[in-house]
Amino acid sequence: MSERKTLRLRASDLVAPKILKKLQRRSNLVGLALITHAWGMIFAAMALFYLFPSPLTFILAVMIIGARQLGLAVLMHDAAHNALFRTTNWNNWLSDWLCGYPMMARTDAYRRYHLQHHTRTQQDDDPDLILSKPFPITRKSLRRKLWRDLSGQTGYQQRKAQILNAFGPRELGFMGRLRHFWSKLGGAFVTHMVILAACGALFHWSYYLMFWLLPFLTYHMAITRLRNIAEHAIVPDNNDPFRNARTTKTNFLSRLLIAPYWVNYHVEHHLLMHVPCWHLPLMHKTLLADGYGDRMETAPSYIDVLRRATSRPDDEDRPGEIVHDGRNRLKGNFSEGFSETA
């Protein structure tokens with residue numbers, strides 16, 4: 001176990017009080033607008049295929065929806081920091097029903113686990129260390145992981161484990177197990193039925209399978225993995241708050257398909273975790289203007305991050321190596337996972 005270290009800086013040491021007040025200002029209107037934008041993009045992508053059916057629009061819709069599903073997880077993450085809305089009740093209740101439950105997650109459960117990650121970032125007791133510790137890996141290993149994600153194997157195994165766990169032990173009996181399931185996944189069941197009904201009313205019930213479950217179990221899993229790699233893998237200094245996380249530069253295409261709602265500003269988020277996601281670009285500019293740019297770990301693109309993360313030679317590849325234990329978490333899905341091989 002590593003020695004306990006001070007891994008956080010005081011907000012007043014980073015930015016001027018006037019700027020800090022602006023950065024930490026929350027807005028119910030902006031929070032609702034971001035959630036509306038995410039769901040609007042999801043149903044607009046469905047409409048794209050409905051109006052112009054083709055293999056190209058199908059693939060594009062799956063990718064856009066998978067990215068907005070990650071976006072819902074990002075917004076729930078903001079709510080877990082009480083940063084999406086002005087009040088705790090809104091950050092819990094609206095985040096659950098509009099962001100968390102559709103992703104089979106709960107804001108309060110995620111908050112309890114995630115705050116430990118912020119307190120102990122990249123230390124031995126960081127609950128997310130398992131996501132960054134195996135890197136660098138080989139390109140062959142990354143290809144295998146991404147194939148499992150895109151083919152639905154990762155999503156299936158995670159959801160299977162989550163659902164079986166929600167039913168609880170057999171000793172509870174039939175009714176007891178149903179009550180246990182409802183306490184764990186009742187909200188998720190209700191929201192998925194609402195999404196199914198909305199798909200049926202607007203398009204066809206099969207759109208729930210094609211454009212909710214399919215992206216959820218495939219493309220969403222792949223870009224969640226990319227996000228995890230970019231945020232903390234192969235960072236240069238686990239004990240430096242400016243360098244134990246990474247900010248990745250984006251363009252329009254990467255924001256549309258990989259990194260929604262400013263999730264790429266991860267150094268900034270770790271430095272001031274209560275800053276709403278829509279203020280992170282301003283915080284980035286402020287830190288650069290104050291001369292912190294050279295201290296911050298940044299990457300020019302997600303492709304560059306993957307190059308760094310796969311720098312281990314392929315001749316060192318070991319397909320049978322266990323790189324995650326049986327309680328693996330793919331952050332962004334906020335659920336217990338499964339044993340994964342390289």
# chains A, B, ... in the order shown; residues from 1 in each chain; ligands from 1
call {"tool": "closest_atom_pairs", "arguments": {"of": "segment 137-217 of chain A", "to": "segment 100-119 of chain A", "cutoff": "8 Å", "atoms": "only C-alpha atoms", "output": "JSON lines"}}
result
{"residue": "A:Leu185", "atom": "CA", "partner": "A:Met104", "partner_atom": "CA", "distance": 7.0}
{"residue": "A:Gly187", "atom": "CA", "partner": "A:Tyr101", "partner_atom": "CA", "distance": 5.6}
{"residue": "A:Ala188", "atom": "CA", "partner": "A:Tyr101", "partner_atom": "CA", "distance": 4.3}
{"residue": "A:Phe189", "atom": "CA", "partner": "A:Tyr101", "partner_atom": "CA", "distance": 7.9}
{"residue": "A:Thr191", "atom": "CA", "partner": "A:Pro102", "partner_atom": "CA", "distance": 5.6}
{"residue": "A:His192", "atom": "CA", "partner": "A:Pro102", "partner_atom": "CA", "distance": 6.1}
call {"tool": "residues_around", "arguments": {"residues": "Leu29 of chain A", "least_positions_apart": "4", "cutoff": "12 Å", "atoms": "only C-alpha atoms", "output": "JSON, numbers by chain"}}
result
{"A": [25, 33, 34, 35, 36, 84, 85, 86, 90]}
call {"tool": "residues_around", "arguments": {"residues": "Val235 of chain A", "least_positions_apart": "4", "cutoff": "9 Å", "atoms": "only C-alpha atoms", "output": "list in words"}}
result
Ser132, Glu231, Arg243, Asn244, Ala245, Arg246 and Glu297 of chain A
call {"tool": "select_by_dssp", "arguments": {"residues": "segment 234-335 of chain A", "states": "strand (DSSP E)", "output": "PyMOL selection string"}}
result
chain A and resi 247-248+298-299+322-324
call {"tool": "closest_residue", "arguments": {"among": "A:Leu51, A:Val267, A:Leu226, A:Val305", "to": "Leu287 of chain A", "atoms": "only C-alpha atoms"}}
result
A:Val267
call {"tool": "closest_atom_pairs", "arguments": {"of": "segment 232-274 of chain A", "to": "segment 58-61 of chain A", "cutoff": "12 Å", "atoms": "only C-alpha atoms", "output": "tab-separated table"}}
result
residue	atom	partner	partner_atom	distance
A:Leu253	CA	A:Leu60	CA	11.9
A:Leu256	CA	A:Leu60	CA	10.7
A:Leu257	CA	A:Leu60	CA	9.1
call {"tool": "closest_atom_pairs", "arguments": {"of": "segment 290-310 of chain A", "to": "segment 275-285 of chain A", "cutoff": "10 Å", "atoms": "only C-alpha atoms", "output": "CSV"}}
result
residue,atom,partner,partner_atom,distance
A:Asp290,CA,A:Lys285,CA,8.6
A:Tyr292,CA,A:His284,CA,9.4
A:Gly293,CA,A:His284,CA,8.8
A:Met296,CA,A:His284,CA,9.9
call {"tool": "closest_residue", "arguments": {"among": "A:Gly173, A:Asn165, A:His274, A:Arg68", "to": "Lys22 of chain A", "atoms": "only C-alpha atoms"}}
result
A:His274
call {"tool": "decode", "arguments": {"residues": "segment 43-69 of chain A", "atoms": "N, CA and C atoms", "output": "tab-separated table (two decimals), in the first residue's frame"}}
result
chain	number	residue	atom	x	y	z
A	43	PHE	N	-32.75	10.27	-30.63
A	43	PHE	CA	-33.92	10.05	-31.47
A	43	PHE	C	-33.75	10.65	-32.86
A	44	ALA	N	-32.92	11.68	-32.98
A	44	ALA	CA	-32.62	12.22	-34.31
A	44	ALA	C	-31.83	11.20	-35.13
A	45	ALA	N	-30.92	10.46	-34.47
A	45	ALA	CA	-30.17	9.43	-35.18
A	45	ALA	C	-31.09	8.30	-35.64
A	46	MET	N	-32.07	7.95	-34.81
A	46	MET	CA	-33.06	6.96	-35.24
A	46	MET	C	-33.84	7.47	-36.45
A	47	ALA	N	-34.22	8.75	-36.40
A	47	ALA	CA	-34.98	9.34	-37.50
A	47	ALA	C	-34.16	9.37	-38.78
A	48	LEU	N	-32.86	9.56	-38.64
A	48	LEU	CA	-31.98	9.56	-39.82
A	48	LEU	C	-32.11	8.24	-40.58
A	49	PHE	N	-32.05	7.13	-39.85
A	49	PHE	CA	-32.18	5.83	-40.52
A	49	PHE	C	-33.61	5.60	-41.01
A	50	TYR	N	-34.58	6.05	-40.24
A	50	TYR	CA	-35.98	5.87	-40.62
A	50	TYR	C	-36.28	6.57	-41.94
A	51	LEU	N	-35.72	7.78	-42.12
A	51	LEU	CA	-35.98	8.56	-43.32
A	51	LEU	C	-35.08	8.16	-44.49
A	52	PHE	N	-33.86	7.74	-44.18
A	52	PHE	CA	-32.90	7.40	-45.23
A	52	PHE	C	-32.25	6.05	-44.91
A	53	PRO	N	-33.02	4.97	-44.98
A	53	PRO	CA	-32.48	3.67	-44.58
A	53	PRO	C	-31.39	3.18	-45.53
A	54	SER	N	-30.25	2.85	-44.96
A	54	SER	CA	-29.13	2.30	-45.71
A	54	SER	C	-28.12	1.76	-44.72
A	55	PRO	N	-27.20	0.91	-45.14
A	55	PRO	CA	-26.15	0.43	-44.23
A	55	PRO	C	-25.35	1.58	-43.62
A	56	LEU	N	-25.09	2.62	-44.41
A	56	LEU	CA	-24.30	3.75	-43.92
A	56	LEU	C	-25.03	4.50	-42.80
A	57	THR	N	-26.31	4.81	-43.01
A	57	THR	CA	-27.05	5.53	-41.98
A	57	THR	C	-27.29	4.66	-40.75
A	58	PHE	N	-27.39	3.35	-40.96
A	58	PHE	CA	-27.52	2.44	-39.81
A	58	PHE	C	-26.28	2.50	-38.93
A	59	ILE	N	-25.11	2.38	-39.55
A	59	ILE	CA	-23.86	2.41	-38.79
A	59	ILE	C	-23.67	3.77	-38.12
A	60	LEU	N	-23.97	4.84	-38.87
A	60	LEU	CA	-23.83	6.18	-38.31
A	60	LEU	C	-24.76	6.39	-37.12
A	61	ALA	N	-26.00	5.90	-37.23
A	61	ALA	CA	-26.95	6.03	-36.13
A	61	ALA	C	-26.47	5.27	-34.90
A	62	VAL	N	-25.96	4.07	-35.08
A	62	VAL	CA	-25.44	3.28	-33.95
A	62	VAL	C	-24.30	4.02	-33.27
A	63	MET	N	-23.41	4.62	-34.05
A	63	MET	CA	-22.27	5.32	-33.48
A	63	MET	C	-22.71	6.59	-32.74
A	64	ILE	N	-23.61	7.35	-33.34
A	64	ILE	CA	-24.08	8.58	-32.69
A	64	ILE	C	-24.80	8.25	-31.39
A	65	ILE	N	-25.67	7.23	-31.44
A	65	ILE	CA	-26.43	6.86	-30.24
A	65	ILE	C	-25.50	6.31	-29.16
A	66	GLY	N	-24.55	5.46	-29.54
A	66	GLY	CA	-23.59	4.95	-28.56
A	66	GLY	C	-22.81	6.07	-27.88
A	67	ALA	N	-22.46	7.10	-28.66
A	67	ALA	CA	-21.74	8.23	-28.08
A	67	ALA	C	-22.64	9.04	-27.14
A	68	ARG	N	-23.92	9.19	-27.49
A	68	ARG	CA	-24.84	9.92	-26.60
A	68	ARG	C	-25.16	9.09	-25.37
A	69	GLN	N	-25.14	7.76	-25.47
A	69	GLN	CA	-25.29	6.94	-24.28
A	69	GLN	C	-24.13	7.19	-23.33
